[in-house]
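Trainee: Just passing along the structure, written as structure tokens.
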Amino acid sequence: MKGKNKMEVRIVRESKKQKDKKVFVWFTHGKELENTQRELQYKKDDVVFVGADSKGVIKIKKYHAYENLMKCLCDNQKDRVNINKSLLINKFTSIFNLDKSYFRNKNEEYILKEVEKNNNVIKESLENKFECLSFKAKLADKLIIGLGGQSVFETDITLHHTYGIPYIPGQAIKGMFRNYIIQEYFKKCSHDCNEDCKNQCEKDAIKHKGFSSIFGGENDEEKSVSGKVIFMDSFPDSDFEIKTDIMTPHHGKYYNGTEQPLDTDEPNPIYFLVVERSKTTDLVFHINIAIDKSISNKKWNEDNGKNIDEFILENLIDALNFHGIGAKTSVGYGYFDIDKEEEKRKRNKEKEEKLKQQGEQEKIREYEKQKKLKEEEKSKKILEEEQKFKEATKNMSEFQIQFYKIDEITDSIKKNEEIIKLYNEKIDLLEELEQNELAEFVRKHLEFSGKWEYKSGKNKKVDKSSERVKKICNILKIEVPDKQFKKNSNLNLK
Ligand SMILES: [Zn+2]
């Protein structure tokens with residue numbers, strides 16, 4: 001019940017007595033109370049809060065009946081379905097007054113889409129450091145939803161306090177999974193660990209390397225280490241139905257372990273909320289887990305050759321399928337129906353594709369590396385040539401540098417063109433010294449390429465190149481080479 005001076009009670013019957021037009025009501029304990037909130041009418045089975053005022057007089061604090069409050073909350077019938085369910089169920093009414101089903105509304109549909117987008121952003125941001133493991137868990141039947149303090153069950157599944165949507169907190173998944181692993185892999189005692197082994201099984205588990213790397217535990221020096229796996233909150237991705245379920249254990253004291261079962265035990269109905277699939281679609285929860293890359297490829301242990309990520313996937317599916325999540329009052333609550341082999345196949349395929357992608361990225365990286373090397377080599381060569389050019393031309397005049405540049409040309413036709421061009425442009429404009437240098441440069445070139453010759457025709461007409469040879473000879477004050485000279489020079493060259 002709710003605190004020291006506030007108590008939730010249920011109306012058993014209305015009072016017939018009407019003193020001064022005030023309405024009186026009866027409570028479970030036979031107390032008759034005045035209704036000070038005149039606008040509200042009580043019916044049998046409504047739930048109200050009562051509490052003592054400053055003088056110690058018990059008074060009705062708040063009326064809790066669903067329909068009336070909904071009327072106060074909003075008049076438009078259509079808008080009602082869009083009210084936050086957490087607010088509605090936890091704050092404005094009580095489970096006793098819920099007599100209808102609630103389905104996923106438009107707001108929630110939108111919120112769930114945003115939640116998924118958010119989750120994808122989170123997953124992307126974790127990608128560098130974490131290996132993400134995702135699968136869809138189809139609910140087999142029903143899941144019990146805890147309602148904070150009001151719930152009689154120890155269950156972590158609840159309506160999200162801001163979204164009002166049923167969800168499984170990551171901590172609940174982690175807790176359930178951790179418990180499952182202890183029971184499956186570390187249990188040595190034959191009964192309940194709590195009583196039988198005084199939790200020795202758990203103490204063994206937290207010293208195990210694989211276990212502590214997932215959930216946190218102790219290292220070899222008995223120092224505590226934190227787990228390297230993140231269990232994210234899990235939300236439904238399809239329509240759902242929330243409704244009241246009821247269970248009537250007849251022998252409460254016997255189940256509590258306080259007394260023997262008796263036929264005279266009063267039935268004590270327990271109301272609780274469940275979420276289940278809608279009539280048309282399966283109810284599927286998205287399970288998202290991020291495993292730190294520093295452990296995901298490590299082995300669970302030496303005997304079990306599975307990698308941590310495979311171990312988690314397979315065991316978590318088993319845990320959800322066979323161990324279930326949340327309170328399980330009888331078979332059918334909190335179990336999932338996940339195809340383990342199918343999920344393993346999907347996971348392997350995902351991994352293969354990732355490797356392939358990595359391979360292709362590797363190839364691209366190698367290509368870029370080679371390209372960069374080549375570019376570096378090229379610029380190195382250019383630098384070297386520049387250096388060489390600087391070195392070779394450091395004592396040269398501008399004019400001599402021009403000769404040098406032409407000498408470096410490897411294409412003989414182009415070289416020839418450049419020489420003739422330089423000659424035609426400059427020979428008549430130069431001072432004597434430079435004119436001599438140019439003439440000597442051209443002569444050497446012509447001689448080297450076998451064009452140092454003077455041909456006079458029958459009418460003593462000469463072609464352009466012979467004209468040029470003659471002019472050079474004049475400048476250099478040497479004899480004009482005739483055919484005879486050419487033969488001799490060829491011989492000399494050989
Ligand atoms: Zn034990």
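The way I read the labels, and the way they are meant: chains A, B, ... in the order of the structure tokens, residue 1 as the first residue of every chain, and ligand 1 as the first ligand shown, with later ones counted on from there.
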What are the closest atom pairs, with distances in Å to one decimal, for each residue of chain A lying within 6 Å of ligand 1, using only C-alpha atoms and all ligand atoms, rows by chain and rising residue number, as CSV?
Mentor:
```
residue,atom,partner,partner_atom_place_in_ligand_line,distance
A:Lys187,CA,ligand 1,1 (Zn),5.3
A:Lys188,CA,ligand 1,1 (Zn),5.8
A:Cys189,CA,ligand 1,1 (Zn),4.5
A:Cys193,CA,ligand 1,1 (Zn),3.4
A:Cys197,CA,ligand 1,1 (Zn),4.5
A:Asn199,CA,ligand 1,1 (Zn),5.3
A:Gln200,CA,ligand 1,1 (Zn),5.6
A:Cys201,CA,ligand 1,1 (Zn),4.4
```
Trainee: Using only C-alpha atoms, pick whichever of A:Glu116, A:Glu440, A:Asp407, A:Asp482 has the shortest atom-to-atom distance to Asn288 of chain A.
Mentor: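 For Asn288 of chain A, the nearest of the given residues is A:Glu116.
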Trainee: At a cut-off of 6 Å, using only C-alpha atoms, what residues contact segment 292-308 of chain A? Leave out same-chain residues fewer than 4 positions from it and give the result as an mmCIF file with N, CA and C atoms, in the first residue's frame.
Mentor:
```
data_model
loop_
_atom_site.group_PDB
_atom_site.id
_atom_site.type_symbol
_atom_site.label_atom_id
_atom_site.label_comp_id
_atom_site.auth_asym_id
_atom_site.auth_seq_id
_atom_site.Cartn_x
_atom_site.Cartn_y
_atom_site.Cartn_z
ATOM 1 N N LYS A 129 34.078 0.190 -31.650
ATOM 2 C CA LYS A 129 34.581 -0.501 -30.469
ATOM 3 C C LYS A 129 33.791 -1.785 -30.151
ATOM 4 N N PHE A 130 32.564 -1.851 -30.699
ATOM 5 C CA PHE A 130 31.707 -2.974 -30.316
ATOM 6 C C PHE A 130 31.225 -3.779 -31.523
ATOM 7 N N GLU A 131 30.999 -5.035 -31.260
ATOM 8 C CA GLU A 131 30.384 -5.932 -32.226
ATOM 9 C C GLU A 131 28.892 -5.965 -31.888
ATOM 10 N N GLY A 210 35.313 -15.974 -18.884
ATOM 11 C CA GLY A 210 34.283 -15.696 -19.890
ATOM 12 C C GLY A 210 33.088 -15.001 -19.246
ATOM 13 N N LYS A 228 31.811 -6.389 -20.314
ATOM 14 C CA LYS A 228 32.099 -5.686 -21.562
ATOM 15 C C LYS A 228 30.986 -5.892 -22.589
#
```
Trainee: Determine, counting only C-alpha atoms, which protein, DNA and RNA residues have an atom within 12 Å of an atom of Leu133 of chain A; residues of the same chain fewer than 2 positions away are not included. Present the result as an NGL selection string.
Mentor: :A and (123 or 126-127 or 130-131 or 135-136 or 229-232 or 286-293 or 296 or 308-314 or 316-317 or 343-344 or 346-348 or 350-351)
Trainee: So the first atom is atom CA of Glu342 of chain A and the second is atom CA of Thr158 of chain A; what is the distance between them in Å, to one decimal place?
Mentor: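 Between these atoms lies a distance of 29.2 Å.
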Trainee: For the structure I just gave you, how does DSSP split segment 144-389 of chain A - specifically, which residues are helix (DSSP H, G or I)? Reply as a ChimeraX atom specification.
Mentor: /A:148-150,170-186,193-196,200-205,209-215,252-256,293-296,308-323,340-389
Trainee: For Phe211 of chain A, which residue among A:Ser226, A:Thr162, A:Gln402, A:Thr244 is the nearest when counting only C-alpha atoms?
Mentor: A:Ser226
Trainee: At a cut-off of 10 Å, using only C-alpha atoms, what residues contact Phe389 of chain A? Leave out same-chain residues fewer than 6 positions from it and give the result as a VMD selection string.
Mentor: chain A and resid 383 401 404 to 405 408
Trainee: How about saving the chosen residues, N, CA and C atoms kept, as a PDB file, in the first residue's frame?
Mentor:
```pdb
ATOM      1  N   LEU A 383      62.068  16.080 -58.094  1.00  0.00           N
ATOM      2  CA  LEU A 383      62.939  16.834 -57.192  1.00  0.00           C
ATOM      3  C   LEU A 383      64.410  16.580 -57.529  1.00  0.00           C
ATOM      4  N   ILE A 401      72.143  27.981 -70.370  1.00  0.00           N
ATOM      5  CA  ILE A 401      71.076  27.141 -69.785  1.00  0.00           C
ATOM      6  C   ILE A 401      70.101  26.710 -70.874  1.00  0.00           C
ATOM      7  N   TYR A 404      71.605  23.891 -72.594  1.00  0.00           N
ATOM      8  CA  TYR A 404      71.544  22.711 -71.727  1.00  0.00           C
ATOM      9  C   TYR A 404      70.163  22.063 -71.812  1.00  0.00           C
ATOM     10  N   LYS A 405      69.128  22.918 -71.743  1.00  0.00           N
ATOM     11  CA  LYS A 405      67.746  22.409 -71.772  1.00  0.00           C
ATOM     12  C   LYS A 405      67.487  21.675 -73.081  1.00  0.00           C
ATOM     13  N   GLU A 408      69.000  18.281 -73.242  1.00  0.00           N
ATOM     14  CA  GLU A 408      68.307  17.262 -72.444  1.00  0.00           C
ATOM     15  C   GLU A 408      67.127  16.624 -73.189  1.00  0.00           C
TER      16      GLU A 408
END
```
Trainee: Among segment 90-208 of chain A, which ones does DSSP assign to strand (DSSP E or B) (computed from the backbone)? Answer as a list in words.
Mentor: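 For segment 90-208 of chain A, the strand (DSSP E or B) set is Tyr102, Phe103, Phe130, Glu131, Cys132, Leu133, Ser134, Phe135, Lys136, Ala137, Lys138, Leu139, Lys142, Leu143, Ile144, Ile145, Thr158, Leu159, Pro166, Tyr167 and Ile168 of chain A.
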Trainee: Could those residues be written to a file, using C-alpha atoms, as a compact mmCIF listing (two decimals), in the first residue's frame?
Mentor:
```txt
# COMPACT_ATOMS: atom_id res chain seq x y z
CA TYR A 102 -5.32 -1.21 -24.82
CA PHE A 103 -3.68 -1.43 -28.20
CA PHE A 130 31.71 -2.97 -30.32
CA GLU A 131 30.38 -5.93 -32.23
CA CYS A 132 26.62 -5.56 -32.51
CA LEU A 133 24.37 -8.56 -32.10
CA SER A 134 20.73 -8.11 -33.05
CA PHE A 135 17.80 -10.42 -33.47
CA LYS A 136 14.05 -10.41 -33.22
CA ALA A 137 12.38 -12.26 -30.40
CA LYS A 138 8.84 -13.41 -31.05
CA LEU A 139 6.76 -13.63 -27.89
CA LYS A 142 2.03 -13.34 -22.85
CA LEU A 143 4.41 -11.21 -20.89
CA ILE A 144 3.53 -9.96 -17.41
CA ILE A 145 4.03 -6.25 -16.98
CA THR A 158 7.15 -2.40 -17.31
CA LEU A 159 5.54 0.43 -19.22
CA PRO A 166 5.68 -1.94 -22.72
CA TYR A 167 9.39 -2.62 -23.02
CA ILE A 168 12.03 -4.87 -21.57
```
Trainee: List as a PyMOL selection string the protein and nucleic acid residues near segment 416-418 of chain A, meaning an atom at most 9 Å away when only C-alpha atoms are counted, but skip any in the same chain fewer than 6 places from it.
Mentor: chain A and resi 406+445-446
Trainee: Print the selection's residues with N, CA and C atoms to a file, as a compact mmCIF listing (two decimals), in the first residue's frame.
Mentor:
```
# COMPACT_ATOMS: atom_id res chain seq x y z
N ILE A 406 67.99 22.26 -74.15
CA ILE A 406 67.78 21.62 -75.46
C ILE A 406 68.54 20.29 -75.54
N HIS A 445 75.79 20.20 -83.07
CA HIS A 445 74.56 19.41 -83.20
C HIS A 445 74.41 18.87 -84.63
N LEU A 446 74.65 19.75 -85.60
CA LEU A 446 74.49 19.33 -87.00
C LEU A 446 75.52 18.25 -87.35
```
Trainee: Atom CA of Asp337 of chain A to atom CA of Leu320 of chain A: how many Å, to one decimal?
Mentor: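 Atom CA of Leu320 of chain A lies at a distance of 7.9 Å from atom CA of Asp337 of chain A.
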